Every structure is written in C-alpha cells, then in structure tokens.
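A.B. asks: The structure that follows is given in the form of structure tokens.
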Amino acid sequence: MEAVHDHDHHQPAGLMRYVTTTNHKDIGSMYLWFSFVMFLMGGVMALVIRAELFQPGLQVVQPEFFNQMTTLHGLIMVFGAIMPAFVGFANWQIPMMIGAPDMAFPRMNNWSFWLLPPAGILLAGSLLAPGGAGGVGWTLYAPLTVQQGMGMDMMIFSIHILGMSSIMGSINIVTTILNLRAPGMTMMKMPLFVWTWLITAYLLIAAMPVLAGAVTMTLTDRHFGTHFFNAAGGGDPVMYQHIFWFFGHPEVYIIAIPAFGVISEVIPTFSRKPLFGYASMVYATASIAILSFLVWAHHMYTVGMPVEAQLYYMFATMLIAVPTGVKVFNWIATMWKGSMSFETPMLFAQGFLFLFTIGGFTGLVLALTPVDIQLHDGYYVVAHFHYVMVAGALFAAFAGVYYWLPKWIGRMYDERLGKIHFWLSIIFFNVTFFVQHFLGLAGMPRRIPDYALQFADWNMVSSIGAFGFGFSQIFFLYILLKAIKSGEKAPEKPWDGATTLEWTHLPTPAPYHSFETPPNLKD
Amino acid sequence: MKVSSFLRVLAVFGLALSPGLGLAEWNLNFKPTNTILGHDIEMLHNWIMWIILGISIVVFGAMFYSILKHRKALGHKASHFHENTTVEIIWTIVPVVILIGMAIPATKVLLAARDTSAPDITIKATGYQWKWGYDYLDEGVKFYSSLSTPRDQINGLAEKGETYLLEVDRPVVVPVGKKVRILTTANDVIHSWFVPGLSVKQDAIPGFIRDTWFKAEETGTFRGQCTELCGKEHGFMPIVVEVVTEEEYKTWVAAQLAESGAPSFDANKTYTVAELVSAGEQVYNTNCVACHQPGGVGMPPTFPAIKGGKIATGPIGDHIDIILNGSKKNPMMAAWGSQLTDMDIAAVITYQRSGINDLGEAIQPGDVATARGI
Ligand code: HEM
Ligand SMILES: [Cu+2]
Ligand SMILES: [Cu+2]
C-alpha cells in the first residue's frame, strides 16, 4: 500500500526512507504490511494445528510442538496481525479524516512502528530457543509458564516491547484527535472511525500496563525467586488469571472497537445514507469500553469463585449485550431504505454484520455461568472467538483495505476478484468454524493435539475449511499486488456515497502531506 | 456428472484416510447427560437457543429484507432519516427485558450447581502431569488413574480402539443415586476435571482446594478429560467414572482396601533382575514414557534420554535421588517419591539400568526405603 506522493519532500530514498520516516502514511503502510506478514505467519501455524487435527492420532507434529503452535498462533494473530492492522488504519486515516497534516508526534510514531519488528522477531524466534517456544496458550497461565525454557522469556520480552509500542501509538492517537482537528470539526462531528479509535486508545493505555505487570511477575517467578503465582510460597495461580483477564477482556474490545469504526464508515457510504443514531453509536461504544473493565472474570467461571461473584460477572457480562445490540440495530437502520450497492467493502461489511452477530449470540450463551461451565476451554469457545475476531475484526479490516485502497494508492483493485475473495472467505470461514460449535457441545477440549474418535467427523470438515480459508488469503495478496502494479487509475471519488474529509477535501491518491493548511469546516 | 464423481472420489479418499470416521457421530448438541442438574443446564441452553432464534429472525430478517429491497440496482432511492429517539429507546429497553428472562433461570441453575452441601461421598481428585490421583476421604481408598491407550495406537502403528484416549487403567467408581462431592487440587500446574456426561467441570489448582458435585441417575461408564492446558500430555489424561449399584460399590471398596492393606511385594525380599525389569517396564510405561519415550530415547534437550543417560548409567545414589525428589535443574522432572511405592521405584530403576541400559544391576525395594530414610 505504497503512498503515492508529490516528490517535493526532503527524505532519504530507498530503505532509509522507511527507517527514518515520520510520515503518517508511510508509517501506516508499514503497519499494514507488517500485520499482513504476521497474519500469514500465524495462518501457517493455524494450518499446522489443523493438519494435526485432520484425523485422530499423531501424524504431523509432536504434542509439545503442537502446544507451541497454538500459543504462537494466538499471540501472533492478536498482537502481530489484528492490532497493528488497525493501528495502520489509524495512521493513514485519522489525520485525513479530521483535517490534520500528520500525527501529533511524528517521531514517536516512527518509534512505535519500529518497535514491532524486533518484537515480532523475538516472538517467532522463540521457536528456535532451546526447548522451543512456550507451550502455554496465548493466555500464558501460571504456573505452567514457570516450567518453560528460554523461549518463554523471549515471549515475555516481546510482549513488553509490543506493549510499549501500543502505548506510544495510543498517546499519539489521543493527542492527534484532541488537538489537531480542523476548525469546525467538533467532537460530535468526527467520523465514527475516529471516535472508535479515541476510545480504543484509552483502552490500550489502561490495559497494556496490566499485561506488562502480569508477564513481569511471571518473569520474576521464573528467575528471581518470587512467588506471586506459587501457592507454596504464599502466592496464588488464580491471581495471574485475574490480572491477565483484567487486561484480556478490554483487549477483545481493543480488537473489536476499531472494527466497529470501519464498519460504521463503510455501511453509510454504500447505503448512500447517513449513519443512523450517530450519537447513540458514540455512547454505545463508550459504554462498551467502560463495561469491558468490569466483566473480566467471565473467563474464569470454572476456577471456583464464590457463587455471588459468579452471579455478578454473569449479570455484568449480559449487560454488554445491550450497547452491542444498539450498534447492530443502528447499522441495520442505516441500511434500511437506503440505496445500497455491494462492492467488495460492502460485502465484507455485510459478512461482518451477519457473522459478528452470531459471535455475539454465542457470547451470550457463554455469559450464562452454568452453560459456560460445560463449554469453557472447549471448542465452542474457539468457535466463538473466531467469529468475533476473524469474521469480526479481520473482515472489517478487509472491508477497510478495499474501501480506502483507491485513496491510498490511486488505483482500483479488481472488483470481480475482490468479490471472489469475499465469497471464498465467508464460505471457508463457516466451514472451518461453524462446525467447531458442535465439537464444543460434544465436549472436545481446546489445545489438544489428538482426540477421541467421536470427534473425528467435524474435525476433518474444520481442517478442510481451514486450508481453504488459508489459500483464499494468498489470493487476497495477489489482488493487492495486482492493484498496486497494474490496477486501473482510481477516479477522484470512486464511492459516490462517501462523505468524510479524505474523500471530499483531498485528491486521489492522497498527497504525501495531507492538510498543510486545515480545511475550514465552520458554517 | 463430473462434479458428483469428483465428490465421490473425495469422499472415498476422506474415508480411507480416516479410520475414525466409522465411529464418528456427527454430533450437533450436548451429549446426553446422566444428572438432573445436567438436564436443567440442557433445558436452560435450549431456552436460550429459542430466544436467540427469535431475535435472529427479527434482526436477520430486517437485514436481508433491506439487502434485497433497498438496492441501488433496483432503483431504490435513499431516504435521509438518521435518528429516531423512540425507536432507539425501544431497542434498548426490549433487550434488557429479554436479558432478564434469561438471567432468572440461569441464576436458579447456577445456585443449584454450586450447592455442594451434604454429600454422601467425598472424593479428592488431584491433577498430576499427566494423570489423576483419587482419594476417597471417608473410605480410605486411594489410587492413581492414567491413560491406558497404548502408544502404538496414538502413533498410528495399531488400530485405534473404540474408547481411544478416553480409557484409563483404574476408573473412579461411584454408586448410583448418591451425591458425590469432588474436591479438586493439583500437584504441579492447573488441570481441570471435566466429565461431560455428568455435567461437571472444575479446575484443579495447585495449593488450593475447590469443589463440585454430581449425582448420577443411572449406572454406566462416563468418560471425560482434562480441560486446562497442563503441558505436553494435556490431551492424554482422561477421566473415567463408573457408576455402579450400591452393592457393587461396597464390594469394590472392600476389594480396594484388601488390596492396599496387603502390599503386593515383600520389602525384605531380594528380587531377581528379570522380575524387577518386567515389573519396572509397566511402571515406566504408565509414568515415564510420555517424556522419556519408548526405549528411553527421550526428546532432548528438555526430556533427556535414559538410554546411555548420565544418571541412568551413573552412580545409583543419584538415580534413586532424582526419582524420589525430582530434578533441581529441570522442573519438568517431578518428584515421584510420594506417588510410587518402594517396589515401583526399585523396579523402574532396575528397568532403566538393566532393561533399557545393560548394567545388569538389581535395585531392591529395601535400597529405596533406605534412601527415603535419609
Ligand atoms: C486461517 C484462519 C484461522 C484458523 C484456521 C485458526 C485456527 C485456530 C485453531 C485450530 C486454534 C487452536 C484452538 C485450540 O486448540 O485451542 C486457534 C486458536 C486461536 N486463534 Fe485462530 N485461526 C485462524 C485465524 C485467527 C485469527 C485471524 C485470529 C485473530 C485475531 C485468531 C486468534 C486465535 C486465538 C487468540 C487463539 C487461542 C490460542 C490459544 O489457545 O492460546 N485466529 N486458531
Ligand atoms: Cu472477556
Ligand atoms: Cu490438562
């Protein structure tokens, strides 16, 4: 997603341009490419998992390596693929959408990005450490983490670095949004994508240090004789889980909320109708963010909390369904009596709407403590979170890429291929993950490399779907490269329904520096 | 024609690849449960699914109606409304009401599920890497229960049996119609005690004791497995519960007590190498083989080889010590002193030194007892 730019800037050429760049578009592109590379890497790991689970017995890998694959797949997808992808969108879009020249702290922006490659290398490189990477699951539960080799330490440092990157990125985003808006761009006129990032940035600033604390305690338990999570020394393994999920639940909204933002731009554009209930969308997003800090122990219904605590977490969790429902209703009301067309971004947005809602339904099922106790740590949960993360966040990211690509590179993607990419993705996605609900109901635990014969049928179906989904994403890469190399020249405004500043006040492709003088939006 | 023959080839290919598919169940919902509580949970789940179906029809109905009718391609012109306070209030209040309708039955079931008072039998289940230890607190019966599926089945060298991976050497036995309270704890990392057919799942946390309960309505065999990632053999530590009649249970308890009262070995006897090696091989295959591998080849660097291993061919004192007390360098090597008898330890050491390696030495139960004494 190379920025096409006017060549009057004074910057080194070639690789050094990217190392030293402080330009929000260059940095945004680097974030997006980084996340795509990580996405493919995490995807290969998922396919190793699904290959092993194709049939009962051990055929492809040994259990230890299998555990390392699930762990790295989860960490890489969450921290390496999805989160950086949306920071990439933030970098490209926020300055253009609020009428700013660039991000508030361009040099820090450069740093936030360049922390990622070392973190990614540490994470993936942990596989090469003696004993391999940690085989503990992306949740890194103590005290299993204490038994791991050096790979575990590499993962912990990687998380530290990723956290620093996220916090710096978030401070930058908050400052940019609060200070660099064009005259007349009041808070309640900001595009919803900008609002969702403002809220997400606060979530990141609040949540990432908590994770850093949890993994640091793990580190000192491992090497410096502390006993934070060791009962024999007066600690408590369950405390780790409380700390982790105090970060972990907001984290799922850190992933979901920017996705809501993208969808809230795409649906109005292709419905040719303003977003329904703008103010209630803002309030719903903010209440989801606040509630997200109050429900963490719904991931811990089986640790043996007092029943009163379980009841509280159940009610609080169910409450989140209300603002989430409001968002879904608003999107549908936006489409209602619109004049819709279904270019690829809109298709992915519809896929998001349909499948994210299903993920929301299964979330409601899991919120109910007695039902969750049966399903916890099983394949139903795996299905649930892939509905919200893959069909939710990832599909929103696809929608965003197709939507803004013409603005970024000045060329169109191939519409026919984009549609094929959509249909392949949504079909194989459901083949892979819908059947996992059945496995979970039948009692198949997650994170196991081999299983009883009764689970053989759906596992085979799921593995076939996974390979199909994986190859569909290689096809996406082809579509991108084709658009960049030889795509048709994009018209000034390829989407006639678009109303935000990047489409109405900037040429296509966007110039290297967005708004050197702010547009005046007062009227 | 072409497509269908392609599909047929695919299906045949799939079946050929999958010995398991013959037993596959294409299961779509919860497995049948054997407890009243499990039944309540099922009813709750069904109730929620009906509500979800209802909401889906309304929400997706509106969505797909709009997708079909309000298209630019059909010449539909966009209206410009973008707010309606009444509608927004309605669709905030209605979900709240629906949620209350879900929360009330869920609360009832939860309160029942957590009521572990007045049990008839209490069994402590301890998670170990990678097996379960059971301790019938009132009856005094104690034993370990490990996976009994042969490694060859796992590695595809033998045909998989019907209860593949869900079978153990010694199942938990409980009487039908009695409230059984399970206390869970663990020895090393967190495990979780899960039996779907009895609708129970409870984490087993090292250093803490938690509890859950079940009351089986009918006799039968119920199979489950550990559901908290506990390291490499997490997928291989199943749980089997046999629900029997009251009389059968009494007989079983008596037999267990008789067996544990009379040790099956004589502490003062001197066994031959061959006797010890053959007893030791069994101990090895139950407890050690997961890491040190058949034939003691190990999985270096984390799991060292026994064959030609430094300790297994070195001074006998160190060998006894690492098995009794675990490794100081590598936490993966547990202390087995409390789990195995002197006879087991003597036998397995002899097997490692004289079966896997060929030192020809015999270590006697008495040697282990002496080592423990220090
Ligand atoms: C090609 C698409 C994907 C496939 C086939 C796939 C498959 C899987 C499988 C088989 C597991 C292991 C489940 C278990 O044994 O517990 C897993 C876990 C997971 N996946 Fe994916 N996945 C895909 C994409 C993603 C994406 C895009 C995300 C990101 C946001 C994601 C996030 C996770 C997480 C967080 C876990 C949990 C890891 C853990 O158990 O610690 N996956 N996935
Ligand atoms: Cu959560
Ligand atoms: Cu386990």
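FYI, nothing fancy with the structure tokens labels: chains A, B, ... in order, residues from 1 per chain, ligands from 1 as they appear.
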Pick out the residues sitting within 12 Å of stretch 133-138 of chain A, and hand them over as a count of residues only; count only C-alpha atoms, and ignore anything fewer than 5 positions along from it in its own chain.

C.D. replies: 58

A.B. asks: Find the spatial neighbours of B:Ala103, counting only C-alpha atoms, within a cut-off of 12 Å - ignore same-chain residues fewer than 4 positions away - and output them as a count of residues only.

C.D. replies: 28

A.B. asks: Find, counting only C-alpha atoms, the residue in B:Thr163, B:Thr272, B:Gln256, B:Thr122 that gets nearest to chain A.

C.D. replies: B:Thr163

A.B. asks: I'd like the neighbourhood of B:Ser354 as a list in words, where a residue qualifies if any of its atoms comes within 10 Å (using only C-alpha atoms), though same-chain residues fewer than 3 positions away should be ignored.

C.D. replies: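 Contacts, with the query itself left out: Val273, Ala274, Leu276, Val277, Ala312, Thr313, Val348, Ile349, Thr350, Tyr351, Asn357, Asp358, Leu359, Gly360, Glu361, Ala362 and Ile363 of chain B.
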
A.B. asks: Which of these, B:His70, B:Arg170, B:His82, B:Lys250, has the shortest distance to A:Met281 once you count only C-alpha atoms?

C.D. replies: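 Comparing B:His70, B:Arg170, B:His82, B:Lys250 against A:Met281, the winner is B:His82.
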
A.B. asks: With only C-alpha atoms and all ligand atoms counted and 12 Å as the cut-off, give the residues of chain B in contact with ligand 3, each with its shortest interatomic distance in Å and the pair that gives it, as a tab-separated table.

C.D. replies:
residue	atom	partner	partner_atom_place_in_ligand_line	distance
B:Thr126	CA	ligand 3	1 (Cu)	11.8
B:Gly127	CA	ligand 3	1 (Cu)	8.3
B:Tyr128	CA	ligand 3	1 (Cu)	8.9
B:Gln129	CA	ligand 3	1 (Cu)	7.8
B:Trp130	CA	ligand 3	1 (Cu)	7.5
B:Lys131	CA	ligand 3	1 (Cu)	9.0
B:Trp132	CA	ligand 3	1 (Cu)	10.2
B:Ala186	CA	ligand 3	1 (Cu)	10.7
B:Asp188	CA	ligand 3	1 (Cu)	11.0
B:Val189	CA	ligand 3	1 (Cu)	8.7
B:Ile190	CA	ligand 3	1 (Cu)	7.4
B:His191	CA	ligand 3	1 (Cu)	4.8
B:Ser192	CA	ligand 3	1 (Cu)	6.4
B:Trp193	CA	ligand 3	1 (Cu)	8.7
B:Phe194	CA	ligand 3	1 (Cu)	10.1
B:Gln202	CA	ligand 3	1 (Cu)	11.9
B:Asp203	CA	ligand 3	1 (Cu)	9.8
B:Ala204	CA	ligand 3	1 (Cu)	9.6
B:Ile205	CA	ligand 3	1 (Cu)	11.3
B:Gly224	CA	ligand 3	1 (Cu)	11.5
B:Gln225	CA	ligand 3	1 (Cu)	7.8
B:Cys226	CA	ligand 3	1 (Cu)	4.4
B:Thr227	CA	ligand 3	1 (Cu)	5.4
B:Glu228	CA	ligand 3	1 (Cu)	4.5
B:Leu229	CA	ligand 3	1 (Cu)	4.4
B:Cys230	CA	ligand 3	1 (Cu)	4.0
B:Gly231	CA	ligand 3	1 (Cu)	6.8
B:Lys232	CA	ligand 3	1 (Cu)	8.5
B:Glu233	CA	ligand 3	1 (Cu)	7.2
B:His234	CA	ligand 3	1 (Cu)	3.8
B:Gly235	CA	ligand 3	1 (Cu)	6.5
B:Phe236	CA	ligand 3	1 (Cu)	7.9
B:Met237	CA	ligand 3	1 (Cu)	6.8
B:Pro238	CA	ligand 3	1 (Cu)	9.0
B:Ile239	CA	ligand 3	1 (Cu)	11.0

A.B. asks: Write out the residues from the selection above, keeping N, CA and C atoms, as a CSV table (one decimal), in the first residue's frame.

C.D. replies:
chain,number,residue,atom,x,y,z
B,126,THR,N,-6.7,-35.3,42.4
B,126,THR,CA,-5.5,-34.4,42.3
B,126,THR,C,-4.9,-34.6,40.9
B,127,GLY,N,-4.7,-33.4,40.3
B,127,GLY,CA,-4.1,-33.5,38.9
B,127,GLY,C,-2.6,-33.5,39.0
B,128,TYR,N,-2.0,-34.4,38.3
B,128,TYR,CA,-0.6,-34.5,38.2
B,128,TYR,C,-0.3,-34.4,36.7
B,129,GLN,N,1.0,-34.0,36.4
B,129,GLN,CA,1.4,-34.1,35.0
B,129,GLN,C,1.8,-35.5,34.8
B,130,TRP,N,1.1,-36.4,34.1
B,130,TRP,CA,-0.2,-36.3,33.5
B,130,TRP,C,-1.0,-37.5,33.8
B,131,LYS,N,-1.6,-37.4,35.0
B,131,LYS,CA,-2.6,-38.4,35.4
B,131,LYS,C,-3.4,-37.8,36.5
B,132,TRP,N,-4.4,-38.6,37.0
B,132,TRP,CA,-5.2,-38.1,38.1
B,132,TRP,C,-5.0,-39.0,39.3
B,186,ALA,N,-4.2,-29.8,42.7
B,186,ALA,CA,-3.2,-30.3,41.7
B,186,ALA,C,-1.9,-30.3,42.4
B,188,ASP,N,1.1,-29.8,40.5
B,188,ASP,CA,2.2,-29.1,39.7
B,188,ASP,C,1.6,-27.9,39.0
B,189,VAL,N,0.8,-28.0,38.0
B,189,VAL,CA,0.2,-26.9,37.3
B,189,VAL,C,-1.3,-27.1,37.4
B,190,ILE,N,-2.1,-26.1,36.8
B,190,ILE,CA,-3.5,-26.2,36.8
B,190,ILE,C,-4.0,-27.3,35.9
B,191,HIS,N,-4.9,-28.1,36.3
B,191,HIS,CA,-5.6,-29.0,35.5
B,191,HIS,C,-7.1,-28.8,35.6
B,192,SER,N,-7.9,-29.5,34.9
B,192,SER,CA,-9.4,-29.3,35.1
B,192,SER,C,-10.1,-30.6,34.9
B,193,TRP,N,-11.0,-30.9,35.9
B,193,TRP,CA,-11.7,-32.2,35.9
B,193,TRP,C,-13.0,-32.1,35.2
B,194,PHE,N,-13.1,-32.7,34.1
B,194,PHE,CA,-14.3,-32.5,33.2
B,194,PHE,C,-14.9,-33.8,32.8
B,202,GLN,N,-14.4,-28.7,36.9
B,202,GLN,CA,-13.9,-27.9,38.0
B,202,GLN,C,-12.4,-27.8,37.8
B,203,ASP,N,-11.8,-26.6,37.9
B,203,ASP,CA,-10.3,-26.5,37.8
B,203,ASP,C,-9.7,-27.1,39.0
B,204,ALA,N,-8.5,-27.7,38.8
B,204,ALA,CA,-7.7,-28.3,39.9
B,204,ALA,C,-6.5,-27.4,40.0
B,205,ILE,N,-6.4,-26.7,41.1
B,205,ILE,CA,-5.4,-25.6,41.2
B,205,ILE,C,-4.4,-26.0,42.3
B,224,GLY,N,-14.4,-38.5,30.3
B,224,GLY,CA,-14.1,-37.1,30.1
B,224,GLY,C,-12.6,-36.9,30.1
B,225,GLN,N,-12.1,-35.7,30.1
B,225,GLN,CA,-10.7,-35.5,30.1
B,225,GLN,C,-10.3,-34.1,30.7
B,226,CYS,N,-9.0,-33.9,30.9
B,226,CYS,CA,-8.5,-32.7,31.5
B,226,CYS,C,-8.8,-31.5,30.5
B,227,THR,N,-9.3,-30.4,31.0
B,227,THR,CA,-9.6,-29.3,30.1
B,227,THR,C,-8.8,-28.0,30.4
B,228,GLU,N,-7.7,-28.2,31.1
B,228,GLU,CA,-6.9,-26.9,31.3
B,228,GLU,C,-5.5,-27.3,30.8
B,229,LEU,N,-5.0,-26.6,29.8
B,229,LEU,CA,-3.7,-26.9,29.3
B,229,LEU,C,-2.7,-27.0,30.4
B,230,CYS,N,-2.1,-28.2,30.5
B,230,CYS,CA,-1.2,-28.5,31.6
B,230,CYS,C,0.1,-29.1,31.1
B,231,GLY,N,0.5,-28.7,29.9
B,231,GLY,CA,1.8,-29.2,29.4
B,231,GLY,C,1.6,-30.2,28.2
B,232,LYS,N,2.6,-30.9,28.0
B,232,LYS,CA,2.7,-31.6,26.7
B,232,LYS,C,1.7,-32.7,26.6
B,233,GLU,N,1.4,-33.4,27.7
B,233,GLU,CA,0.5,-34.6,27.6
B,233,GLU,C,-1.0,-34.2,28.0
B,234,HIS,N,-1.3,-32.9,27.9
B,234,HIS,CA,-2.6,-32.4,28.3
B,234,HIS,C,-3.7,-33.2,27.7
B,235,GLY,N,-3.5,-33.5,26.4
B,235,GLY,CA,-4.6,-34.3,25.7
B,235,GLY,C,-4.7,-35.7,26.1
B,236,PHE,N,-3.8,-36.2,27.0
B,236,PHE,CA,-3.7,-37.6,27.3
B,236,PHE,C,-3.9,-37.9,28.8
B,237,MET,N,-4.7,-37.1,29.4
B,237,MET,CA,-5.0,-37.5,30.8
B,237,MET,C,-6.5,-37.6,31.0
B,238,PRO,N,-7.2,-38.7,30.6
B,238,PRO,CA,-8.6,-38.8,30.6
B,238,PRO,C,-9.1,-39.1,32.1
B,239,ILE,N,-10.4,-39.0,32.2
B,239,ILE,CA,-11.1,-39.3,33.4
B,239,ILE,C,-12.2,-40.3,33.1

A.B. asks: Any residue with an atom at most 8 Å from ligand 2 counts, using only C-alpha atoms and all ligand atoms. Which are they? Put them as a ChimeraX atom specification.

C.D. replies: /A:245,248-250,252,292,295-299

A.B. asks: For those residues, write C-alpha atoms to a file as a PDB file, in the first residue's frame.

C.D. replies:
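Done, and the output landed in part27.pdb:
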ATOM      1  CA  TRP A 245      -8.137 -11.060  32.130  1.00  0.00           C
ATOM      2  CA  GLY A 248      -7.675  -9.589  28.421  1.00  0.00           C
ATOM      3  CA  HIS A 249     -11.299  -8.607  28.305  1.00  0.00           C
ATOM      4  CA  PRO A 250     -10.649  -4.964  27.373  1.00  0.00           C
ATOM      5  CA  VAL A 252     -11.057  -8.138  22.971  1.00  0.00           C
ATOM      6  CA  SER A 292     -15.253  -4.073  29.402  1.00  0.00           C
ATOM      7  CA  VAL A 295     -16.522  -8.311  33.458  1.00  0.00           C
ATOM      8  CA  TRP A 296     -13.109  -9.966  33.270  1.00  0.00           C
ATOM      9  CA  ALA A 297     -13.824 -12.996  35.448  1.00  0.00           C
ATOM     10  CA  HIS A 298     -16.366 -14.388  32.978  1.00  0.00           C
ATOM     11  CA  HIS A 299     -13.295 -16.137  31.575  1.00  0.00           C
TER      12      HIS A 299
END

A.B. asks: For stretch 387-396 of chain A, work out the shell of residues within 9 Å, counting only C-alpha atoms and skipping chain neighbours fewer than 5 positions away, then give it as a PyMOL selection string.

C.D. replies: chain A and resi 78+82+252+255-263+345+348-349+351-360+382+401+422+425-426+429-430+433-434

A.B. asks: Taking 3 positions as the minimum chain separation for residues in the same chain, which residues sit within 12 Å of A:Phe89 when counting only C-alpha atoms? Answer as a PyMOL selection string.

C.D. replies: chain A and resi 1+24-33+35+82-86+92-97+173+193-194+196-197+258-259+261-262+396-405+408

A.B. asks: I need the residue nearest chain B from this list: A:Ile474, A:Met239, A:Ile373, A:Val282. Use only C-alpha atoms for the distance.

C.D. replies: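 Of all the options, A:Ile373 lies closest to chain B.
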
A.B. asks: Taking the chain letters and numbering used in this document, name the residues of stretch 95-233 of chain B that DSSP puts in helix (DSSP H, G or I), as a list in words.

C.D. replies: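 The helix (DSSP H, G or I) subset of stretch 95-233 of chain B is Pro95, Val96, Val97, Ile98, Leu99, Ile100, Gly101, Met102, Ala103, Ile104, Pro105, Ala106, Thr107, Lys108, Val109, Leu110, Leu111, Ala112, Ala113, Arg151, Asp152, Gln153, Ile154, Pro196, Gly197 and Leu198 of chain B.
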
A.B. asks: Using only C-alpha atoms, find the one residue out of A:Tyr478, A:Tyr512, A:Tyr413, A:Tyr301 that sits nearest to chain B.

C.D. replies: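 Of A:Tyr478, A:Tyr512, A:Tyr413, A:Tyr301, the one nearest chain B is A:Tyr301, counting only C-alpha atoms.
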